[in-house]
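For reference, run18.cif is printed below; it contains mmCIF, C-alpha atoms and all ligand atoms.
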```
data_run
loop_
_atom_site.label_atom_id
_atom_site.label_comp_id
_atom_site.auth_asym_id
_atom_site.auth_seq_id
_atom_site.Cartn_x
_atom_site.Cartn_y
_atom_site.Cartn_z
CA MET A 1 -13.32 152.24 168.10
CA ASN A 2 -14.44 149.99 170.92
CA LYS A 3 -16.89 148.30 168.56
CA ALA A 4 -14.21 147.74 165.91
CA ARG A 5 -11.85 146.42 168.56
CA ARG A 6 -14.47 144.01 169.91
CA ILE A 7 -15.42 142.64 166.51
CA ILE A 8 -11.82 142.17 165.42
CA LYS A 9 -11.03 140.52 168.75
CA ASP A 10 -13.91 138.06 168.24
CA THR A 11 -12.68 137.31 164.73
CA MET A 12 -9.10 136.69 165.87
CA SER A 13 -9.88 133.17 167.04
CA GLU A 14 -10.27 132.30 163.35
CA VAL A 15 -7.05 133.99 162.23
CA ASP A 16 -3.59 132.42 162.10
CA LEU A 17 -1.62 135.32 160.64
CA VAL A 18 -2.14 139.07 160.43
CA ILE A 19 -0.98 141.30 157.60
CA GLU A 20 -0.77 144.86 158.87
CA VAL A 21 -0.64 147.48 156.12
CA MET A 22 1.05 150.80 156.81
CA ASP A 23 2.09 153.76 154.70
CA ALA A 24 5.83 153.49 153.98
CA ARG A 25 6.16 157.28 154.16
CA ILE A 26 4.94 157.34 157.79
CA PRO A 27 5.23 153.83 159.23
CA PHE A 28 5.01 154.94 162.86
CA SER A 29 2.08 157.32 162.42
CA SER A 30 0.12 154.89 160.23
CA GLU A 31 0.64 151.93 162.55
CA ASN A 32 -1.99 151.12 165.13
CA PRO A 33 -0.66 149.63 168.38
CA MET A 34 -4.00 147.89 168.83
CA VAL A 35 -2.94 145.42 166.14
CA ALA A 36 -0.21 144.05 168.43
CA GLU A 37 -2.70 143.84 171.30
CA LEU A 38 -5.31 142.07 169.16
CA ARG A 39 -3.08 139.60 167.36
CA GLN A 40 -1.26 138.52 170.56
CA HIS A 41 1.17 135.70 169.70
CA ARG A 42 0.08 135.37 166.04
CA PRO A 43 2.77 136.12 163.45
CA CYS A 44 2.45 139.39 161.60
CA ILE A 45 3.68 140.61 158.23
CA LYS A 46 4.07 144.38 158.35
CA ILE A 47 3.64 145.83 154.90
CA LEU A 48 5.25 149.19 154.23
CA ASN A 49 2.93 149.98 151.36
CA LYS A 50 3.14 152.78 148.79
CA SER A 51 6.91 152.27 148.88
CA ASP A 52 7.03 153.84 145.40
CA LEU A 53 6.25 157.16 147.14
CA ALA A 54 8.68 156.68 150.06
CA ASP A 55 12.39 157.40 150.35
CA PRO A 56 14.04 153.99 149.71
CA GLU A 57 16.92 154.56 152.16
CA ILE A 58 14.50 155.40 154.97
CA THR A 59 12.26 152.46 154.08
CA LYS A 60 15.28 150.16 154.55
CA LYS A 61 15.76 151.56 158.06
CA TRP A 62 12.11 150.95 158.91
CA LEU A 63 12.26 147.37 157.59
CA ALA A 64 15.26 146.65 159.84
CA HIS A 65 13.45 148.34 162.74
CA PHE A 66 10.28 146.22 162.42
CA ASP A 67 12.18 142.99 161.72
CA LYS A 68 13.55 143.21 165.27
CA GLU A 69 10.02 142.80 166.69
CA GLN A 70 8.97 139.36 167.82
CA ASP A 71 7.05 137.23 165.26
CA VAL A 72 7.21 140.08 162.74
CA LYS A 73 8.52 140.17 159.19
CA ALA A 74 8.46 143.51 157.43
CA GLN A 75 8.09 143.88 153.69
CA ALA A 76 8.03 146.94 151.41
CA LEU A 77 5.36 146.79 148.73
CA SER A 78 3.92 148.95 145.99
CA VAL A 79 0.94 148.56 143.75
CA LEU A 80 3.39 149.28 140.91
CA ASP A 81 5.26 146.05 141.65
CA LYS A 82 2.61 143.35 141.65
CA SER A 83 5.12 140.48 141.49
CA ARG A 84 6.36 141.23 145.02
CA THR A 85 2.77 141.21 146.26
CA LYS A 86 2.21 137.84 144.65
CA ASN A 87 5.07 136.47 146.79
CA LEU A 88 3.15 137.18 149.99
CA PRO A 89 1.57 133.68 150.24
CA SER A 90 5.03 132.15 150.22
CA LEU A 91 6.11 134.52 153.03
CA CYS A 92 3.00 133.47 154.99
CA ARG A 93 4.07 129.84 154.68
CA LYS A 94 7.62 130.67 155.83
CA MET A 95 6.19 132.31 158.94
CA LEU A 96 3.97 129.33 159.73
CA PRO A 97 6.02 126.40 158.42
CA ASP A 98 3.76 123.74 159.93
CA ARG A 99 0.66 125.14 158.22
CA GLY A 100 -0.30 125.95 154.65
CA THR A 101 -0.28 122.27 153.79
CA ALA A 102 -3.06 120.24 152.17
CA VAL A 103 -4.57 119.56 155.60
CA LYS A 104 -3.77 122.73 157.54
CA THR A 105 -5.01 126.04 156.21
CA ILE A 106 -3.42 129.41 157.01
CA ARG A 107 -6.20 131.92 157.71
CA VAL A 108 -5.06 135.47 157.05
CA MET A 109 -6.59 138.82 157.90
CA ILE A 110 -5.44 142.20 156.58
CA MET A 111 -5.61 145.11 159.01
CA GLY A 112 -4.74 148.79 159.03
CA ILE A 113 -5.95 152.37 159.13
CA PRO A 114 -7.93 153.84 156.17
CA ASN A 115 -6.20 154.73 152.91
CA VAL A 116 -2.97 152.77 153.37
CA GLY A 117 -3.82 150.45 150.47
CA LYS A 118 -5.58 147.48 152.10
CA SER A 119 -8.24 147.13 149.39
CA THR A 120 -5.68 147.52 146.63
CA LEU A 121 -3.60 144.75 148.21
CA ILE A 122 -6.61 142.46 148.59
CA ASN A 123 -7.54 143.04 144.93
CA THR A 124 -4.01 142.26 143.77
CA LEU A 125 -3.93 139.06 145.80
CA ALA A 126 -7.43 138.07 144.65
CA GLY A 127 -6.61 138.87 141.02
CA LYS A 128 -9.87 140.81 140.68
CA THR A 129 -11.52 143.98 141.90
CA LEU A 130 -13.73 143.46 144.93
CA ALA A 131 -16.17 145.99 146.36
CA LYS A 132 -14.42 148.35 148.76
CA VAL A 133 -15.75 148.45 152.27
CA GLY A 134 -16.46 151.83 153.86
CA ASP A 135 -13.77 153.62 155.78
CA GLU A 136 -15.61 153.43 159.08
CA PRO A 137 -13.49 151.85 161.77
CA ALA A 138 -14.90 148.44 161.39
CA VAL A 139 -15.24 145.27 160.86
CA THR A 140 -14.10 142.17 159.24
CA LYS A 141 -16.19 139.20 158.24
CA VAL A 142 -14.98 135.99 159.74
CA VAL A 143 -12.32 134.40 157.61
CA SER A 144 -14.08 131.08 157.68
CA SER A 145 -17.23 132.41 156.01
CA ALA A 146 -17.08 130.95 152.51
CA GLN A 147 -18.80 134.02 151.12
CA HIS A 148 -15.92 136.23 152.15
CA ARG A 149 -13.01 133.90 151.60
CA ILE A 150 -10.30 134.36 148.98
CA GLN A 151 -8.41 131.18 148.29
CA LEU A 152 -4.72 131.87 147.66
CA GLU A 153 -2.11 129.36 146.54
CA GLY A 154 -0.82 126.82 149.02
CA ASN A 155 -3.97 126.47 151.13
CA ILE A 156 -3.99 130.06 152.36
CA VAL A 157 -7.34 131.79 152.83
CA LEU A 158 -7.74 135.52 153.11
CA SER A 159 -10.76 137.45 154.33
CA ASP A 160 -11.96 139.79 151.57
CA THR A 161 -12.86 142.41 154.20
CA PRO A 162 -10.04 144.10 156.07
CA GLY A 163 -10.04 145.01 159.75
CA ILE A 164 -10.15 148.79 159.75
CA LEU A 165 -8.84 150.78 162.70
CA TRP A 166 -8.56 154.53 163.17
CA PRO A 167 -5.02 155.90 163.25
CA LYS A 168 -3.74 156.42 166.75
CA ILE A 169 -2.75 160.01 167.07
CA GLU A 170 -0.29 160.08 169.90
CA ASN A 171 1.29 163.41 169.15
CA ALA A 172 0.72 166.49 166.99
CA ASN A 173 3.46 165.48 164.55
CA SER A 174 1.66 162.23 163.73
CA SER A 175 -1.56 164.07 162.94
CA TYR A 176 0.31 166.43 160.61
CA ARG A 177 2.03 163.53 158.85
CA LEU A 178 -1.25 161.64 158.45
CA ALA A 179 -2.81 164.76 156.94
CA ILE A 180 0.11 165.43 154.58
CA THR A 181 -0.02 161.91 153.17
CA GLY A 182 -3.83 161.94 152.88
CA ALA A 183 -4.76 159.39 155.55
CA ILE A 184 -6.84 162.07 157.28
CA LYS A 185 -9.43 163.58 154.98
CA ASN A 186 -8.90 167.13 153.66
CA THR A 187 -11.95 168.52 155.43
CA ALA A 188 -10.54 167.70 158.83
CA PHE A 189 -7.64 170.16 158.75
CA ASP A 190 -6.46 173.57 157.77
CA PHE A 191 -4.37 173.35 154.60
CA GLU A 192 -2.05 176.22 155.46
CA ASP A 193 -1.25 174.70 158.82
CA ILE A 194 -0.42 171.32 157.32
CA ALA A 195 1.52 172.84 154.41
CA LEU A 196 3.61 174.89 156.84
CA PHE A 197 4.54 171.75 158.75
CA ALA A 198 5.39 169.98 155.47
CA ALA A 199 7.39 172.95 154.16
CA ASP A 200 9.47 173.19 157.35
CA TYR A 201 10.22 169.47 157.15
CA LEU A 202 11.10 169.53 153.44
CA ILE A 203 13.52 172.43 153.95
CA ASP A 204 15.23 170.41 156.64
CA ALA A 205 15.24 166.97 155.00
CA TYR A 206 14.99 167.52 151.23
CA SER A 207 16.31 171.01 150.46
CA GLU A 208 17.83 170.01 147.09
CA ARG A 209 14.47 168.68 145.87
CA VAL A 210 12.73 171.87 146.97
CA ILE A 211 15.24 174.05 145.09
CA GLU A 212 14.93 171.92 141.97
CA ARG A 213 11.14 171.59 141.93
CA TYR A 214 10.36 175.24 142.56
CA LYS A 215 13.35 176.57 140.59
CA LEU A 216 14.73 178.54 143.51
CA LYS A 217 18.23 180.01 143.76
CA GLN A 218 18.56 178.77 147.33
CA CYS A 219 16.43 176.96 149.85
CA PRO A 220 14.25 179.26 151.97
CA GLU A 221 15.02 179.28 155.68
CA ALA A 222 11.49 178.75 156.96
CA GLY A 223 8.32 177.04 155.77
CA ILE A 224 6.43 180.29 155.38
CA ASP A 225 9.17 181.61 153.05
CA LEU A 226 8.85 178.47 150.93
CA LEU A 227 5.06 178.85 150.65
CA GLU A 228 5.51 182.47 149.64
CA ALA A 229 8.14 181.52 147.07
CA ILE A 230 5.80 178.89 145.58
CA GLY A 231 2.93 181.41 145.48
CA ARG A 232 5.10 184.03 143.82
CA ARG A 233 6.50 181.60 141.23
CA ARG A 234 3.08 180.29 140.30
CA GLY A 235 1.50 183.76 140.24
CA PHE A 236 -0.96 183.04 143.10
CA LEU A 237 -1.63 186.65 143.94
CA ARG A 238 -4.66 188.31 145.48
CA ALA A 239 -5.73 191.94 145.10
CA GLY A 240 -2.93 194.25 146.13
CA GLY A 241 -0.28 191.67 145.18
CA ILE A 242 -0.75 189.66 148.38
CA ILE A 243 0.41 186.06 147.97
CA ASP A 244 -2.42 183.55 148.17
CA LEU A 245 -0.97 181.18 150.76
CA GLN A 246 -4.01 178.90 150.62
CA ARG A 247 -3.39 178.10 146.95
CA ALA A 248 0.35 177.73 147.50
CA SER A 249 -0.40 175.32 150.36
CA GLU A 250 -2.77 173.26 148.25
CA ILE A 251 -0.16 172.98 145.49
CA LEU A 252 2.56 171.89 147.89
CA ILE A 253 0.42 169.18 149.50
CA HIS A 254 -0.87 168.01 146.12
CA GLU A 255 2.66 167.76 144.72
CA ILE A 256 3.92 165.89 147.78
CA ARG A 257 1.10 163.37 147.41
CA ASN A 258 1.46 162.84 143.68
CA GLY A 259 5.22 162.34 143.82
CA SER A 260 6.23 165.54 141.99
CA LEU A 261 8.91 166.14 144.61
CA GLY A 262 10.18 162.57 144.27
CA ALA A 263 9.91 159.77 146.82
CA LEU A 264 9.68 161.29 150.30
CA SER A 265 9.47 159.89 153.81
CA PHE A 266 8.18 161.99 156.66
CA GLU A 267 9.59 160.10 159.62
CA THR A 268 12.58 157.91 160.44
CA PRO A 269 13.05 155.50 163.36
CA GLU A 270 15.59 157.95 164.85
CA MET A 271 13.15 160.87 164.64
CA ILE A 272 10.45 158.84 166.34
CA ALA A 273 12.80 157.69 169.13
CA GLU A 274 13.70 161.33 169.75
CA GLU A 275 10.09 162.55 169.67
CA THR A 276 8.98 159.76 171.99
CA ALA A 277 11.74 160.62 174.47
CA ILE A 278 10.70 164.30 174.43
CA ASN A 279 7.03 163.39 174.92
CA GLU A 280 7.95 161.19 177.88
CA VAL A 281 9.84 164.05 179.56
CA ASP A 282 6.86 166.40 178.94
P1 LIG B 301 -7.61 151.31 151.98
O1 LIG B 301 -8.34 150.11 151.51
O2 LIG B 301 -6.55 150.98 152.99
O3 LIG B 301 -8.51 152.39 152.48
O4 LIG B 301 -6.80 151.94 150.75
P2 LIG B 301 -7.03 151.75 149.17
O5 LIG B 301 -6.62 150.40 148.73
O6 LIG B 301 -8.40 152.21 148.82
O7 LIG B 301 -5.95 152.78 148.63
C1 LIG B 301 -6.02 154.17 148.94
C2 LIG B 301 -5.36 154.95 147.84
O8 LIG B 301 -3.96 154.59 147.80
C3 LIG B 301 -5.90 154.65 146.45
O9 LIG B 301 -5.78 155.84 145.68
C4 LIG B 301 -4.92 153.64 145.89
O10 LIG B 301 -4.87 153.63 144.49
C5 LIG B 301 -3.62 154.17 146.47
N1 LIG B 301 -2.58 153.12 146.60
C6 LIG B 301 -2.72 151.88 147.11
N2 LIG B 301 -1.54 151.23 147.07
C7 LIG B 301 -0.64 152.08 146.53
C8 LIG B 301 0.76 151.99 146.24
O11 LIG B 301 1.44 151.00 146.47
N3 LIG B 301 1.33 153.10 145.66
C9 LIG B 301 0.62 154.24 145.40
N4 LIG B 301 1.28 155.26 144.84
N5 LIG B 301 -0.70 154.35 145.65
C10 LIG B 301 -1.30 153.29 146.21
P3 LIG B 301 -7.00 156.81 145.48
O12 LIG B 301 -6.44 158.06 144.89
O13 LIG B 301 -7.79 156.93 146.75
O14 LIG B 301 -7.91 156.08 144.49
P4 LIG B 301 -7.59 155.75 142.98
O15 LIG B 301 -6.86 156.94 142.41
O16 LIG B 301 -6.75 154.53 142.94
O17 LIG B 301 -8.94 155.56 142.42
#
```
So that I can check it, write out the structure of this file as structure tokens.
Ligand code: G4P
Amino acid sequence: MNKARRIIKDTMSEVDLVIEVMDARIPFSSENPMVAELRQHRPCIKILNKSDLADPEITKKWLAHFDKEQDVKAQALSVLDKSRTKNLPSLCRKMLPDRGTAVKTIRVMIMGIPNVGKSTLINTLAGKTLAKVGDEPAVTKVVSSAQHRIQLEGNIVLSDTPGILWPKIENANSSYRLAITGAIKNTAFDFEDIALFAADYLIDAYSERVIERYKLKQCPEAGIDLLEAIGRRRGFLRAGGIIDLQRASEILIHEIRNGSLGALSFETPEMIAEETAINEVD
């Protein structure tokens, strides 16, 4: 991480504006505070990406939350709505009104943790598919290098290589949420553990969806009951009629990720304020 930080810091002198990409379902957990430290006074567009998968009412709250930050404009985006993405250059110009002219270029760098949609965004802006860089915490090529420069309308240049940072995992809830949404690779966690966390949350926040999706008469009281109900419904039984919780867990996580339960958000600004306050007392 120190290496990534150092390289991005060196590159910053050639950047006028940062686009930070986050996952709209978990904006707090997918944000990296190092971006604020690295960009300093430079304006920042915070993209709540994958907004097609996130709860629209909660996304509105997050947009209002981030818009209060200094030099920040927040924007919800989705790969399904390319026209909104194409408006980004005009937002860049609004944020730096004295640049983006024939004589003054706006140099833009995209940053964020792995799997939030940075490459997809770069491809949409470039209008072509570029080779994806590895998901190591790394490294951006300097924006001024012609080889790595994407020329956007209105004298805006974008580095074709994003600045990749690891997610900060400040509390256990963030690591669960990153795992549920797929930002942390499957091998790094125990599916049942993650599915239990997800099931408890869904029962609390989206009980109607749970009842509808899994054709239940009523919402189970606890996550474990939901996993058992899913296993029973889908016939995931081991010898002796024991419910296969591993398979039920995999199904739940898969269906959360592919949108079968509808658009879901896993954290709200209020939840995070509460969790932060509790962590501070601890
Ligand atoms: P990264 O550079 O930040 O690591 O992320 P990348 O663009 O590779 O996107 C990670 C995954 O998220 C990809 O899916 C991509 O298609 C998906 N994605 C990106 N933007 C959006 C969005 O707005 N909405 C939704 N629903 N998905 C989005 P993948 O399964 O890893 O690959 P593939 O299925 O596209 O091949």
At most 7 Å from (-0.1, 152.9, 154.5), file frame, only C-alpha atoms: which residues, as a PDB file with C-alpha atoms, keeping the file's coordinate frame?
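Contents of selection.pdb, freshly written:
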```pdb
ATOM      1  CA  VAL A  21      -0.640 147.480 156.120  1.00  0.00           C
ATOM      2  CA  MET A  22       1.050 150.800 156.810  1.00  0.00           C
ATOM      3  CA  ASP A  23       2.090 153.760 154.700  1.00  0.00           C
ATOM      4  CA  ALA A  24       5.830 153.490 153.980  1.00  0.00           C
ATOM      5  CA  SER A  30       0.120 154.890 160.230  1.00  0.00           C
ATOM      6  CA  LEU A  48       5.250 149.190 154.230  1.00  0.00           C
ATOM      7  CA  ASN A  49       2.930 149.980 151.360  1.00  0.00           C
ATOM      8  CA  LYS A  50       3.140 152.780 148.790  1.00  0.00           C
ATOM      9  CA  ASN A 115      -6.200 154.730 152.910  1.00  0.00           C
ATOM     10  CA  VAL A 116      -2.970 152.770 153.370  1.00  0.00           C
ATOM     11  CA  GLY A 117      -3.820 150.450 150.470  1.00  0.00           C
TER      12      GLY A 117
END
```
- Residues up to 10 Å from ligand LIG 301 (chain B), counting all atoms listed in the file: could you list those as a count of residues only? 51
- Message: For a quick check of understanding, using all atoms listed in the file, which of A:Ala195, A:Met34, A:Ile19, A:Leu88 has the smallest distance to Ala4 of chain A?
- Response: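 Checking each of A:Ala195, A:Met34, A:Ile19, A:Leu88 against Ala4 of chain A, counting all atoms listed in the file, the winner is A:Met34.
In terms of minimum interatomic distance to Phe191 of chain A, A:Ala179 ranks closest within A:Ala179, A:Ile169, A:Val15, A:Ile243, counting all atoms listed in the file.
Among the candidates A:Ile180, A:Ala273, A:Ile224, A:Ala172, the residue lying nearest to Ile26 of chain A is A:Ile180 (atoms considered: only C-alpha atoms).
Going from atom CA of Glu267 of chain A over to atom CA of Leu196 of chain A, you cover 16.2 Å.
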- Task: Fewer than 6 positions away in the same chain doesn't count, so skip those; otherwise give me all residues within 10 Å of Arg247 of chain A, counting only C-alpha atoms, as JSON, numbers by chain.
- Result: {"A": [191, 192, 227, 230, 231, 234, 236, 237]}
Store the residues picked out above, limited to C-alpha atoms, as a PDB file, in the coordinates of the input.
```pdb
ATOM      1  CA  PHE A 191      -4.370 173.350 154.600  1.00  0.00           C
ATOM      2  CA  GLU A 192      -2.050 176.220 155.460  1.00  0.00           C
ATOM      3  CA  LEU A 227       5.060 178.850 150.650  1.00  0.00           C
ATOM      4  CA  ILE A 230       5.800 178.890 145.580  1.00  0.00           C
ATOM      5  CA  GLY A 231       2.930 181.410 145.480  1.00  0.00           C
ATOM      6  CA  ARG A 234       3.080 180.290 140.300  1.00  0.00           C
ATOM      7  CA  PHE A 236      -0.960 183.040 143.100  1.00  0.00           C
ATOM      8  CA  LEU A 237      -1.630 186.650 143.940  1.00  0.00           C
TER       9      LEU A 237
END
```
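The space separating atom CA of Arg107 of chain A from atom CA of Glu69 of chain A comes to 21.5 Å.
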Got a sec to write segment 206-233 of chain A of the block to a file, N, CA and C atoms, as a short mmCIF file (atom, residue, chain, number, x, y, z; two decimals), in the first residue's frame?
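Dumped to result.cif:
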```cif
data_model
loop_
_atom_site.label_atom_id
_atom_site.label_comp_id
_atom_site.auth_asym_id
_atom_site.auth_seq_id
_atom_site.Cartn_x
_atom_site.Cartn_y
_atom_site.Cartn_z
N TYR A 206 -34.99 -5.39 4.39
CA TYR A 206 -35.74 -5.70 3.15
C TYR A 206 -36.60 -6.97 3.33
N SER A 207 -37.36 -7.02 4.42
CA SER A 207 -38.10 -8.26 4.73
C SER A 207 -39.10 -8.63 3.63
N GLU A 208 -39.76 -7.61 3.05
CA GLU A 208 -40.75 -7.91 1.99
C GLU A 208 -40.11 -8.63 0.80
N ARG A 209 -38.92 -8.13 0.43
CA ARG A 209 -38.21 -8.74 -0.72
C ARG A 209 -37.84 -10.20 -0.42
N VAL A 210 -37.42 -10.42 0.83
CA VAL A 210 -37.02 -11.77 1.23
C VAL A 210 -38.22 -12.71 1.13
N ILE A 211 -39.37 -12.26 1.64
CA ILE A 211 -40.58 -13.09 1.62
C ILE A 211 -40.95 -13.41 0.17
N GLU A 212 -40.90 -12.37 -0.66
CA GLU A 212 -41.31 -12.55 -2.06
C GLU A 212 -40.36 -13.49 -2.82
N ARG A 213 -39.07 -13.23 -2.68
CA ARG A 213 -38.08 -14.00 -3.46
C ARG A 213 -38.09 -15.48 -3.09
N TYR A 214 -38.17 -15.75 -1.77
CA TYR A 214 -38.04 -17.14 -1.35
C TYR A 214 -39.39 -17.77 -1.01
N LYS A 215 -40.45 -17.06 -1.44
CA LYS A 215 -41.83 -17.57 -1.30
C LYS A 215 -42.11 -18.08 0.11
N LEU A 216 -41.86 -17.19 1.07
CA LEU A 216 -42.05 -17.57 2.47
C LEU A 216 -43.39 -17.00 2.97
N LYS A 217 -43.97 -17.63 3.95
CA LYS A 217 -45.23 -17.13 4.52
C LYS A 217 -44.95 -15.88 5.36
N GLN A 218 -43.85 -15.91 6.09
CA GLN A 218 -43.45 -14.73 6.86
C GLN A 218 -41.93 -14.66 6.90
N CYS A 219 -41.44 -13.47 7.30
CA CYS A 219 -39.99 -13.32 7.29
C CYS A 219 -39.38 -14.01 8.51
N PRO A 220 -38.35 -14.82 8.32
CA PRO A 220 -37.71 -15.46 9.47
C PRO A 220 -37.17 -14.41 10.43
N GLU A 221 -37.00 -14.82 11.69
CA GLU A 221 -36.54 -13.85 12.70
C GLU A 221 -35.04 -13.64 12.68
N ALA A 222 -34.30 -14.68 12.31
CA ALA A 222 -32.83 -14.57 12.34
C ALA A 222 -32.24 -15.09 11.04
N GLY A 223 -31.01 -14.62 10.76
CA GLY A 223 -30.33 -14.98 9.52
C GLY A 223 -30.24 -16.48 9.31
N ILE A 224 -29.93 -17.19 10.38
CA ILE A 224 -29.77 -18.64 10.26
C ILE A 224 -31.09 -19.30 9.82
N ASP A 225 -32.21 -18.76 10.31
CA ASP A 225 -33.52 -19.31 9.92
C ASP A 225 -33.76 -19.06 8.44
N LEU A 226 -33.32 -17.88 7.96
CA LEU A 226 -33.50 -17.59 6.53
C LEU A 226 -32.66 -18.56 5.68
N LEU A 227 -31.40 -18.78 6.07
CA LEU A 227 -30.56 -19.70 5.30
C LEU A 227 -31.17 -21.11 5.28
N GLU A 228 -31.71 -21.50 6.41
CA GLU A 228 -32.34 -22.83 6.47
C GLU A 228 -33.58 -22.88 5.57
N ALA A 229 -34.34 -21.80 5.59
CA ALA A 229 -35.56 -21.75 4.75
C ALA A 229 -35.19 -21.83 3.27
N ILE A 230 -34.11 -21.12 2.89
CA ILE A 230 -33.67 -21.16 1.48
C ILE A 230 -33.22 -22.58 1.13
N GLY A 231 -32.43 -23.19 2.01
CA GLY A 231 -31.94 -24.55 1.78
C GLY A 231 -33.09 -25.54 1.62
N ARG A 232 -34.08 -25.40 2.50
CA ARG A 232 -35.23 -26.31 2.47
C ARG A 232 -36.00 -26.13 1.16
N ARG A 233 -36.28 -24.87 0.81
CA ARG A 233 -37.06 -24.57 -0.41
C ARG A 233 -36.39 -25.10 -1.66
#
```
